[in-house]
$ cat query.cif   # mmCIF, C-alpha atoms
data_target
#
loop_
_atom_site.group_PDB
_atom_site.id
_atom_site.type_symbol
_atom_site.label_atom_id
_atom_site.label_comp_id
_atom_site.auth_asym_id
_atom_site.auth_seq_id
_atom_site.Cartn_x
_atom_site.Cartn_y
_atom_site.Cartn_z
ATOM 1 C CA MET A 1 69.868 27.867 105.910
ATOM 2 C CA LYS A 2 67.893 24.646 106.102
ATOM 3 C CA ALA A 3 64.652 24.441 108.032
ATOM 4 C CA ARG A 4 62.094 21.879 109.071
ATOM 5 C CA ILE A 5 58.401 22.587 109.558
ATOM 6 C CA VAL A 6 56.224 20.068 111.378
ATOM 7 C CA VAL A 7 52.443 20.294 111.045
ATOM 8 C CA THR A 8 50.299 18.263 113.434
ATOM 9 C CA LEU A 9 46.585 17.975 114.157
ATOM 10 C CA LYS A 10 45.372 19.899 117.173
ATOM 11 C CA THR A 11 44.387 17.947 120.271
ATOM 12 C CA GLY A 12 40.796 16.746 120.084
ATOM 13 C CA VAL A 13 40.609 16.784 116.271
ATOM 14 C CA LEU A 14 39.662 13.348 115.030
ATOM 15 C CA ASP A 15 42.393 11.639 112.975
ATOM 16 C CA PRO A 16 40.911 8.646 111.123
ATOM 17 C CA GLN A 17 44.262 7.983 109.402
ATOM 18 C CA GLY A 18 46.091 7.878 112.736
ATOM 19 C CA LYS A 19 43.518 5.420 114.046
ATOM 20 C CA ALA A 20 43.901 3.192 110.980
ATOM 21 C CA ILE A 21 47.695 3.280 111.277
ATOM 22 C CA GLU A 22 47.508 2.405 114.969
ATOM 23 C CA ALA A 23 45.200 -0.527 114.221
ATOM 24 C CA ALA A 24 47.583 -1.702 111.475
ATOM 25 C CA LEU A 25 50.616 -1.492 113.780
ATOM 26 C CA LYS A 26 48.793 -3.532 116.398
ATOM 27 C CA SER A 27 47.825 -6.103 113.782
ATOM 28 C CA PHE A 28 51.551 -6.456 112.951
ATOM 29 C CA GLY A 29 52.227 -7.366 116.567
ATOM 30 C CA ILE A 30 53.393 -3.926 117.749
ATOM 31 C CA GLN A 31 51.090 -3.818 120.745
ATOM 32 C CA ASP A 32 52.673 -1.390 123.175
ATOM 33 C CA ILE A 33 51.519 1.815 121.466
ATOM 34 C CA SER A 34 48.552 4.149 121.590
ATOM 35 C CA GLY A 35 47.445 7.618 120.506
ATOM 36 C CA VAL A 36 48.938 7.520 116.987
ATOM 37 C CA ARG A 37 48.468 10.859 115.187
ATOM 38 C CA GLN A 38 49.632 11.477 111.636
ATOM 39 C CA GLY A 39 51.271 14.786 110.708
ATOM 40 C CA LYS A 40 53.369 16.338 107.937
ATOM 41 C CA VAL A 41 57.025 17.330 107.725
ATOM 42 C CA PHE A 42 58.356 19.945 105.270
ATOM 43 C CA ASP A 43 62.122 20.291 104.771
ATOM 44 C CA LEU A 44 63.164 23.414 102.937
ATOM 45 C CA GLU A 45 65.979 25.868 102.329
ATOM 46 C CA ILE A 46 65.896 29.600 102.933
ATOM 47 C CA ALA A 47 68.121 32.098 101.121
ATOM 48 C CA SER A 48 68.214 34.565 104.007
ATOM 49 C CA GLN A 49 71.201 34.383 106.367
ATOM 50 C CA ASP A 50 69.343 36.328 109.031
ATOM 51 C CA ARG A 51 67.791 33.956 111.544
ATOM 52 C CA GLU A 52 64.991 36.248 112.677
ATOM 53 C CA GLN A 53 64.040 37.057 109.113
ATOM 54 C CA ALA A 54 64.103 33.355 108.239
ATOM 55 C CA GLU A 55 61.813 32.540 111.148
ATOM 56 C CA ALA A 56 59.385 35.229 110.020
ATOM 57 C CA THR A 57 59.422 33.766 106.484
ATOM 58 C CA LEU A 58 58.739 30.262 107.803
ATOM 59 C CA LYS A 59 55.898 31.477 110.003
ATOM 60 C CA ALA A 60 54.356 33.290 107.035
ATOM 61 C CA ALA A 61 54.620 30.088 104.957
ATOM 62 C CA CYS A 62 52.770 28.149 107.656
ATOM 63 C CA GLU A 63 50.046 30.737 108.185
ATOM 64 C CA LYS A 64 49.530 31.355 104.475
ATOM 65 C CA LEU A 65 49.509 27.782 103.193
ATOM 66 C CA LEU A 66 51.281 24.928 104.963
ATOM 67 C CA ALA A 67 48.982 24.639 107.988
ATOM 68 C CA ASN A 68 45.224 25.053 108.281
ATOM 69 C CA THR A 69 45.166 26.631 111.727
ATOM 70 C CA VAL A 70 41.516 25.671 112.224
ATOM 71 C CA VAL A 71 42.658 22.107 112.882
ATOM 72 C CA GLU A 72 46.460 22.103 112.749
ATOM 73 C CA ASN A 73 49.405 23.353 114.812
ATOM 74 C CA TYR A 74 52.872 23.933 113.391
ATOM 75 C CA THR A 75 56.422 24.252 114.657
ATOM 76 C CA VAL A 76 59.373 25.696 112.735
ATOM 77 C CA GLU A 77 62.975 24.739 113.346
ATOM 78 C CA ILE A 78 66.081 26.113 111.639
ATOM 79 C CA VAL A 79 68.587 23.277 111.453
ATOM 80 C CA MET B 1 21.593 35.240 85.608
ATOM 81 C CA ARG B 2 25.222 35.280 84.462
ATOM 82 C CA ALA B 3 27.381 32.602 86.022
ATOM 83 C CA ALA B 4 31.164 32.201 85.915
ATOM 84 C CA VAL B 5 32.553 28.716 86.615
ATOM 85 C CA VAL B 6 36.137 28.780 87.903
ATOM 86 C CA VAL B 7 38.248 25.970 86.432
ATOM 87 C CA PHE B 8 41.386 24.740 88.229
ATOM 88 C CA PRO B 9 43.866 22.106 87.071
ATOM 89 C CA GLY B 10 42.060 18.986 88.283
ATOM 90 C CA SER B 11 38.495 20.324 88.260
ATOM 91 C CA ASN B 12 36.226 17.709 86.704
ATOM 92 C CA ARG B 13 32.643 18.732 87.508
ATOM 93 C CA ASP B 14 32.764 22.137 85.824
ATOM 94 C CA GLY B 15 31.012 20.816 82.708
ATOM 95 C CA ASP B 16 28.170 19.253 84.683
ATOM 96 C CA VAL B 17 27.498 22.327 86.795
ATOM 97 C CA ALA B 18 27.587 24.553 83.672
ATOM 98 C CA ARG B 19 25.081 22.242 81.994
ATOM 99 C CA ALA B 20 22.810 22.285 85.066
ATOM 100 C CA LEU B 21 22.914 26.095 85.175
ATOM 101 C CA ARG B 22 22.159 26.423 81.435
ATOM 102 C CA ARG B 23 19.211 24.023 81.718
ATOM 103 C CA SER B 24 17.763 26.367 84.346
ATOM 104 C CA GLY B 25 18.265 29.365 82.055
ATOM 105 C CA ALA B 26 21.574 30.869 83.188
ATOM 106 C CA GLU B 27 24.308 32.155 80.879
ATOM 107 C CA VAL B 28 27.570 30.429 81.773
ATOM 108 C CA VAL B 29 31.216 31.267 81.042
ATOM 109 C CA SER B 30 34.399 29.560 82.260
ATOM 110 C CA VAL B 31 37.120 31.377 84.168
ATOM 111 C CA TRP B 32 40.651 29.989 84.392
ATOM 112 C CA HIS B 33 42.216 29.756 87.858
ATOM 113 C CA ALA B 34 45.000 32.187 86.913
ATOM 114 C CA ASP B 35 42.528 34.892 85.800
ATOM 115 C CA THR B 36 42.487 37.869 88.126
ATOM 116 C CA GLU B 37 38.970 39.067 87.358
ATOM 117 C CA LEU B 38 35.499 37.636 86.824
ATOM 118 C CA PRO B 39 33.724 38.741 83.622
ATOM 119 C CA ALA B 40 31.823 42.023 83.986
ATOM 120 C CA GLY B 41 28.223 41.444 85.021
ATOM 121 C CA THR B 42 28.846 38.136 86.796
ATOM 122 C CA ASP B 43 25.996 37.399 89.224
ATOM 123 C CA LEU B 44 27.169 33.996 90.404
ATOM 124 C CA ALA B 45 30.674 32.556 90.771
ATOM 125 C CA VAL B 46 30.792 28.757 90.894
ATOM 126 C CA VAL B 47 33.669 26.723 92.322
ATOM 127 C CA PRO B 48 33.081 23.224 90.954
ATOM 128 C CA GLY B 49 33.963 19.750 92.187
ATOM 129 C CA GLY B 50 37.013 17.693 91.284
ATOM 130 C CA PHE B 51 40.542 17.355 92.584
ATOM 131 C CA SER B 52 42.122 20.782 92.166
ATOM 132 C CA TYR B 53 45.932 20.582 92.133
ATOM 133 C CA GLY B 54 45.625 16.866 92.831
ATOM 134 C CA ASP B 55 44.390 17.607 96.379
ATOM 135 C CA TYR B 56 48.076 18.127 97.251
ATOM 136 C CA LEU B 57 48.837 19.385 100.775
ATOM 137 C CA ARG B 58 45.158 19.491 101.797
ATOM 138 C CA CYS B 59 41.992 19.365 99.684
ATOM 139 C CA GLY B 60 41.396 22.859 98.331
ATOM 140 C CA ALA B 61 44.453 24.372 100.028
ATOM 141 C CA ILE B 62 46.303 25.482 96.908
ATOM 142 C CA ALA B 63 43.188 26.362 94.905
ATOM 143 C CA GLY B 64 41.924 28.447 97.827
ATOM 144 C CA ARG B 65 44.863 30.788 97.307
ATOM 145 C CA ALA B 66 44.727 30.934 93.483
ATOM 146 C CA ALA B 67 44.429 34.298 91.701
ATOM 147 C CA ALA B 68 40.855 33.628 90.603
ATOM 148 C CA MET B 69 39.859 33.144 94.250
ATOM 149 C CA ASP B 70 40.903 36.730 95.004
ATOM 150 C CA ALA B 71 38.380 37.745 92.359
ATOM 151 C CA VAL B 72 35.763 35.427 93.906
ATOM 152 C CA ARG B 73 36.433 36.909 97.363
ATOM 153 C CA ALA B 74 36.017 40.441 95.962
ATOM 154 C CA HIS B 75 32.782 39.351 94.228
ATOM 155 C CA ALA B 76 31.458 37.909 97.524
ATOM 156 C CA ALA B 77 32.452 41.068 99.417
ATOM 157 C CA ARG B 78 30.315 43.086 96.944
ATOM 158 C CA GLY B 79 27.378 40.829 97.805
ATOM 159 C CA GLY B 80 27.750 38.642 94.687
ATOM 160 C CA LEU B 81 26.577 35.027 94.824
ATOM 161 C CA VAL B 82 29.120 32.211 95.235
ATOM 162 C CA LEU B 83 28.398 28.470 95.054
ATOM 163 C CA GLY B 84 31.013 25.855 95.936
ATOM 164 C CA ILE B 85 30.248 22.158 95.407
ATOM 165 C CA CYS B 86 32.330 19.277 96.838
ATOM 166 C CA ASN B 87 35.962 20.257 96.151
ATOM 167 C CA GLY B 88 34.482 23.744 95.691
ATOM 168 C CA PHE B 89 33.207 23.665 99.299
ATOM 169 C CA GLN B 90 36.676 22.584 100.467
ATOM 170 C CA ILE B 91 38.170 25.459 98.452
ATOM 171 C CA LEU B 92 35.728 28.007 99.932
ATOM 172 C CA CYS B 93 36.693 26.879 103.450
ATOM 173 C CA GLU B 94 40.411 27.045 102.637
ATOM 174 C CA SER B 95 39.980 30.471 101.029
ATOM 175 C CA GLY B 96 38.399 31.882 104.178
ATOM 176 C CA LEU B 97 35.028 32.559 102.512
ATOM 177 C CA LEU B 98 33.373 29.986 104.779
ATOM 178 C CA PRO B 99 34.385 28.859 108.274
ATOM 179 C CA GLY B 100 35.550 25.368 109.235
ATOM 180 C CA VAL B 101 37.266 22.614 107.314
ATOM 181 C CA LEU B 102 36.401 19.340 105.548
ATOM 182 C CA MET B 103 38.340 16.503 107.168
ATOM 183 C CA ARG B 104 38.897 12.890 106.103
ATOM 184 C CA ASN B 105 35.637 10.882 106.257
ATOM 185 C CA VAL B 106 35.254 9.267 109.657
ATOM 186 C CA ASN B 107 34.745 5.840 108.030
ATOM 187 C CA ARG B 108 38.049 6.364 106.102
ATOM 188 C CA ARG B 109 36.327 5.516 102.836
ATOM 189 C CA PHE B 110 35.637 7.437 99.678
ATOM 190 C CA ILE B 111 31.843 7.536 99.739
ATOM 191 C CA CYS B 112 29.962 7.564 96.454
ATOM 192 C CA HIS B 113 26.203 7.005 96.614
ATOM 193 C CA ARG B 114 22.772 8.591 96.525
ATOM 194 C CA GLN B 115 22.148 10.745 99.544
ATOM 195 C CA PHE B 116 19.098 12.356 101.106
ATOM 196 C CA LEU B 117 19.471 15.940 102.285
ATOM 197 C CA ARG B 118 17.170 18.064 104.394
ATOM 198 C CA VAL B 119 16.731 21.618 103.123
ATOM 199 C CA GLU B 120 17.102 23.706 106.288
ATOM 200 C CA ARG B 121 15.688 26.928 104.874
ATOM 201 C CA ALA B 122 13.939 27.905 101.655
ATOM 202 C CA ASP B 123 14.276 31.679 101.932
ATOM 203 C CA THR B 124 17.709 32.039 100.314
ATOM 204 C CA ARG B 125 18.830 32.764 96.751
ATOM 205 C CA PHE B 126 19.931 29.128 96.487
ATOM 206 C CA THR B 127 16.875 27.296 97.813
ATOM 207 C CA SER B 128 13.705 29.281 96.978
ATOM 208 C CA ALA B 129 12.455 26.506 94.669
ATOM 209 C CA TYR B 130 12.416 24.072 97.595
ATOM 210 C CA ALA B 131 10.236 23.965 100.707
ATOM 211 C CA GLN B 132 11.700 24.318 104.174
ATOM 212 C CA GLY B 133 12.367 20.870 105.616
ATOM 213 C CA GLN B 134 12.004 19.204 102.200
ATOM 214 C CA VAL B 135 14.000 16.011 101.774
ATOM 215 C CA ILE B 136 15.857 15.889 98.451
ATOM 216 C CA ASP B 137 17.605 12.973 96.809
ATOM 217 C CA VAL B 138 21.033 13.841 95.355
ATOM 218 C CA CYS B 139 24.508 12.250 95.303
ATOM 219 C CA VAL B 140 27.731 12.370 97.291
ATOM 220 C CA ALA B 141 31.207 11.476 96.044
ATOM 221 C CA HIS B 142 34.064 12.427 98.344
ATOM 222 C CA GLY B 143 36.816 11.194 100.644
ATOM 223 C CA GLU B 144 37.100 14.383 102.702
ATOM 224 C CA GLY B 145 33.626 15.628 103.533
ATOM 225 C CA ASN B 146 33.674 15.464 107.307
ATOM 226 C CA TYR B 147 32.694 19.009 108.298
ATOM 227 C CA PHE B 148 34.563 20.243 111.368
ATOM 228 C CA ALA B 149 34.760 23.577 113.151
ATOM 229 C CA ASP B 150 35.414 24.634 116.735
ATOM 230 C CA PRO B 151 32.380 24.593 119.086
ATOM 231 C CA ALA B 152 32.013 28.408 119.026
ATOM 232 C CA THR B 153 31.819 28.380 115.203
ATOM 233 C CA ILE B 154 29.270 25.550 115.201
ATOM 234 C CA ASP B 155 27.145 27.456 117.758
ATOM 235 C CA ARG B 156 27.345 30.576 115.602
ATOM 236 C CA LEU B 157 26.367 28.702 112.416
ATOM 237 C CA GLU B 158 23.419 27.070 114.173
ATOM 238 C CA GLY B 159 22.377 30.247 116.003
ATOM 239 C CA GLU B 160 22.441 32.337 112.834
ATOM 240 C CA GLY B 161 20.588 29.726 110.763
ATOM 241 C CA ARG B 162 23.514 29.234 108.436
ATOM 242 C CA VAL B 163 23.247 25.468 107.973
ATOM 243 C CA ALA B 164 21.941 25.023 104.414
ATOM 244 C CA PHE B 165 21.562 21.224 104.186
ATOM 245 C CA ARG B 166 21.943 18.249 106.520
ATOM 246 C CA TYR B 167 22.512 14.584 105.683
ATOM 247 C CA CYS B 168 19.326 12.707 106.561
ATOM 248 C CA ASP B 169 17.342 9.552 105.905
ATOM 249 C CA ALA B 170 14.339 9.333 103.546
ATOM 250 C CA GLU B 171 12.061 10.768 106.253
ATOM 251 C CA GLY B 172 14.363 13.661 107.114
ATOM 252 C CA GLY B 173 15.743 11.984 110.256
ATOM 253 C CA LEU B 174 19.309 12.856 111.239
ATOM 254 C CA THR B 175 20.719 9.369 111.804
ATOM 255 C CA GLU B 176 24.317 8.250 112.161
ATOM 256 C CA ASP B 177 23.905 6.009 109.135
ATOM 257 C CA ALA B 178 22.819 8.970 107.005
ATOM 258 C CA ASN B 179 25.887 10.953 108.092
ATOM 259 C CA ARG B 180 28.586 8.597 106.854
ATOM 260 C CA ASN B 181 31.405 11.113 106.628
ATOM 261 C CA GLY B 182 30.949 12.046 110.288
ATOM 262 C CA SER B 183 30.167 15.754 109.831
ATOM 263 C CA LEU B 184 29.367 17.688 113.002
ATOM 264 C CA ASN B 185 25.587 18.168 113.352
ATOM 265 C CA SER B 186 25.156 16.248 110.048
ATOM 266 C CA ILE B 187 26.173 19.424 108.209
ATOM 267 C CA ALA B 188 26.227 18.960 104.412
ATOM 268 C CA GLY B 189 26.330 22.642 103.461
ATOM 269 C CA ILE B 190 26.625 26.089 105.031
ATOM 270 C CA TYR B 191 26.026 29.742 104.158
ATOM 271 C CA SER B 192 28.164 32.793 104.745
ATOM 272 C CA GLU B 193 26.912 35.434 107.171
ATOM 273 C CA GLN B 194 25.064 37.330 104.413
ATOM 274 C CA ARG B 195 23.837 34.037 102.857
ATOM 275 C CA ASN B 196 25.309 34.988 99.485
ATOM 276 C CA VAL B 197 27.950 32.226 99.665
ATOM 277 C CA LEU B 198 26.929 28.542 99.819
ATOM 278 C CA GLY B 199 29.323 25.612 100.161
ATOM 279 C CA MET B 200 28.036 22.029 100.026
ATOM 280 C CA MET B 201 29.605 18.581 99.703
ATOM 281 C CA PRO B 202 26.793 16.781 97.801
ATOM 282 C CA HIS B 203 26.314 17.139 94.045
ATOM 283 C CA PRO B 204 22.978 18.713 93.049
ATOM 284 C CA GLU B 205 24.306 19.020 89.473
ATOM 285 C CA ASN B 206 24.216 15.214 89.138
ATOM 286 C CA PHE B 207 20.445 15.125 89.399
ATOM 287 C CA VAL B 208 18.925 17.653 87.035
ATOM 288 C CA ASP B 209 17.735 15.198 84.370
ATOM 289 C CA ALA B 210 15.388 12.221 84.845
ATOM 290 C CA LEU B 211 17.454 10.387 82.234
ATOM 291 C CA VAL B 212 20.325 9.984 84.715
ATOM 292 C CA GLY B 213 18.313 9.040 87.778
ATOM 293 C CA GLY B 214 16.769 12.070 89.428
ATOM 294 C CA VAL B 215 15.831 15.735 89.267
ATOM 295 C CA ASP B 216 15.973 16.832 92.915
ATOM 296 C CA GLY B 217 19.134 18.872 92.341
ATOM 297 C CA LYS B 218 17.408 21.044 89.754
ATOM 298 C CA GLY B 219 15.694 23.188 92.400
ATOM 299 C CA LEU B 220 19.001 24.731 93.413
ATOM 300 C CA PHE B 221 19.797 25.883 89.882
ATOM 301 C CA ASP B 222 16.190 26.974 89.268
ATOM 302 C CA SER B 223 16.375 29.041 92.469
ATOM 303 C CA LEU B 224 19.573 30.719 91.304
ATOM 304 C CA ALA B 225 18.356 31.384 87.767
ATOM 305 C CA ALA B 226 14.917 32.632 88.864
#
$ encode --input "query.cif" --output "structure tokens"
Amino acid sequence: MKARIVVTLKTGVLDPQGKAIEAALKSFGIQDISGVRQGKVFDLEIASQDREQAEATLKAACEKLLANTVVENYTVEIV
Amino acid sequence: MRAAVVVFPGSNRDGDVARALRRSGAEVVSVWHADTELPAGTDLAVVPGGFSYGDYLRCGAIAGRAAAMDAVRAHAARGGLVLGICNGFQILCESGLLPGVLMRNVNRRFICHRQFLRVERADTRFTSAYAQGQVIDVCVAHGEGNYFADPATIDRLEGEGRVAFRYCDAEGGLTEDANRNGSLNSIAGIYSEQRNVLGMMPHPENFVDALVGGVDGKGLFDSLAA
């Protein structure tokens, strides 16, 4: 099975990179945007054929390493 | 005082911190990140600065889960002393030994300059050679030193007197200009609940020899080795 994990900053956590990217986009003439936040995407493959087991594995991966839950949220999606 | 300096792939300040500790009279050995135990009789575990694992994923994220960090956690749980500097502070936060996280500097720049710090308390194993409220002149060199934690954690740290150092000006004032990475409450370093673990972004090990510009960092190593 293939899966995608998306890690994003929690609401209210300052994102200097997002701000810089937003400023850059505006400087390139893309004006009609706001609230840019940068996150991370992890695409991976799981050996298990059992969906529930795979979801548990993905959640463990996020909690153990991929997300710092002090400042980040994550979503897992089996594709 | 027997100190063990944990070395990760990408550590680069391990030599300097070992030298600073030896100058203050400590015995120092190196521990590789894959080691599962600290040497018998270790009093102090040091997590040095650098760019462990290339700062991949998040600064300190991978190092925080390395085998040697299990040994450091066990050492801390026994009441052993732990010092994390710069990347070491990031690693201690990622390992769960200290609360909060070091985020990208608010000014989006890698900052590398001399920095005044205010010593918040002088009654710990790390700061007894200083005076409370003393302003010391050390260095900072980091891109991710912006200390962040949720409001309840900040209240707890402040309420329990667990802020070790704050970024300040030459007079000890907590100005915005002195806090260039944007840390909450100008926090430059914090203690664990039992005050046996200290994490700090600035580099006291840079300034232990007048030959290289200053000696204000020496007090920390003298305190530990005393």
$ resolve_selection --input "query.cif" --expression "the PyMOL selection byres ((chain B) within 8 of (chain A))" --output "PyMOL selection string"
chain B and resi 57+61-62+94+100-101+104-108+149-150
$ residues_near_point --input "query.cif" --point "(23.7, 16.6, 91.2)" --cutoff "12 Å" --atoms "all atoms listed in the file" --output "number ranges by chain"
B: 13-21, 48-49, 85-86, 113-117, 136-141, 200-210, 212-221
$ closest_residue --input "query.cif" --among "A:Ala24, A:Ala60, A:Ile78, A:Ile30" --to "Asp43 in chain A" --atoms "only C-alpha atoms"
A:Ile78
$ atom_distance --input "query.cif" --atom1 "CA of Asp177 in chain B" --atom2 "CA of Ile190 in chain B"
20.7 Å
$ atom_distance --input "query.cif" --atom1 "CA of Gly143 in chain B" --atom2 "CA of Glu22 in chain A"
19.9 Å
$ residues_near_point --input "query.cif" --point "(37.9, 35.6, 91.3)" --cutoff "12 Å" --atoms "all atoms listed in the file" --output "PyMOL selection string"
chain B and resi 4-8+30-40+42+44-47+63-77+80-82+92+95+97
$ resolve_selection --input "query.cif" --expression "the PyMOL selection byres ((chain B and resi 224) around 10)" --output "VMD selection string"
chain B and resid 1 to 3 21 24 to 26 43 to 44 81 83 124 to 129 219 to 223 225 to 226
$ write_last_selection --input "query.cif" --atoms "C-alpha atoms" --output "PDB file, keeping the file's coordinate frame"
ATOM      1  CA  MET B   1      21.593  35.240  85.608  1.00  0.00           C
ATOM      2  CA  ARG B   2      25.222  35.280  84.462  1.00  0.00           C
ATOM      3  CA  ALA B   3      27.381  32.602  86.022  1.00  0.00           C
ATOM      4  CA  LEU B  21      22.914  26.095  85.175  1.00  0.00           C
ATOM      5  CA  SER B  24      17.763  26.367  84.346  1.00  0.00           C
ATOM      6  CA  GLY B  25      18.265  29.365  82.055  1.00  0.00           C
ATOM      7  CA  ALA B  26      21.574  30.869  83.188  1.00  0.00           C
ATOM      8  CA  ASP B  43      25.996  37.399  89.224  1.00  0.00           C
ATOM      9  CA  LEU B  44      27.169  33.996  90.404  1.00  0.00           C
ATOM     10  CA  LEU B  81      26.577  35.027  94.824  1.00  0.00           C
ATOM     11  CA  LEU B  83      28.398  28.470  95.054  1.00  0.00           C
ATOM     12  CA  THR B 124      17.709  32.039 100.314  1.00  0.00           C
ATOM     13  CA  ARG B 125      18.830  32.764  96.751  1.00  0.00           C
ATOM     14  CA  PHE B 126      19.931  29.128  96.487  1.00  0.00           C
ATOM     15  CA  THR B 127      16.875  27.296  97.813  1.00  0.00           C
ATOM     16  CA  SER B 128      13.705  29.281  96.978  1.00  0.00           C
ATOM     17  CA  ALA B 129      12.455  26.506  94.669  1.00  0.00           C
ATOM     18  CA  GLY B 219      15.694  23.188  92.400  1.00  0.00           C
ATOM     19  CA  LEU B 220      19.001  24.731  93.413  1.00  0.00           C
ATOM     20  CA  PHE B 221      19.797  25.883  89.882  1.00  0.00           C
ATOM     21  CA  ASP B 222      16.190  26.974  89.268  1.00  0.00           C
ATOM     22  CA  SER B 223      16.375  29.041  92.469  1.00  0.00           C
ATOM     23  CA  ALA B 225      18.356  31.384  87.767  1.00  0.00           C
ATOM     24  CA  ALA B 226      14.917  32.632  88.864  1.00  0.00           C
TER      25      ALA B 226
END
$ residues_around --input "query.cif" --residues "Asp50 in chain A" --least-positions-apart "5" --cutoff "12 Å" --atoms "only C-alpha atoms" --output "list of chain:residue names"
A:Met1, A:Glu55, A:Ala56, A:Thr57, A:Ile78
$ axis_aligned_box --input "query.cif" --around "range 50-56 of chain A" --padding-each-side "5 Å" --output "JSON"
{"center_x": 64.4, "center_y": 34.8, "center_z": 110.5, "size_x": 20.0, "size_y": 14.5, "size_z": 14.4}
$ atom_distance --input "query.cif" --atom1 "CA of Ser34 in chain A" --atom2 "CA of Phe110 in chain B"
25.6 Å
$ residues_around --input "query.cif" --residues "Arg166 in chain B" --least-positions-apart "5" --cutoff "7 Å" --atoms "only C-alpha atoms" --output "ChimeraX atom specification"
/B:117-118,186-189
$ write_last_selection --input "query.cif" --atoms "C-alpha atoms" --output "CSV table (one decimal), keeping the file's coordinate frame"
chain,number,residue,atom,x,y,z
B,117,LEU,CA,19.5,15.9,102.3
B,118,ARG,CA,17.2,18.1,104.4
B,186,SER,CA,25.2,16.2,110.0
B,187,ILE,CA,26.2,19.4,108.2
B,188,ALA,CA,26.2,19.0,104.4
B,189,GLY,CA,26.3,22.6,103.5
$ residues_around --input "query.cif" --residues "Gly172 in chain B" --least-positions-apart "2" --cutoff "7 Å" --atoms "all atoms listed in the file" --output "ChimeraX atom specification"
/B:118,135,168-170,174
$ closest_residue --input "query.cif" --among "A:Val76, A:Glu45, A:Gly18, A:Leu9" --to "Leu58 in chain A" --atoms "all atoms listed in the file"
A:Val76
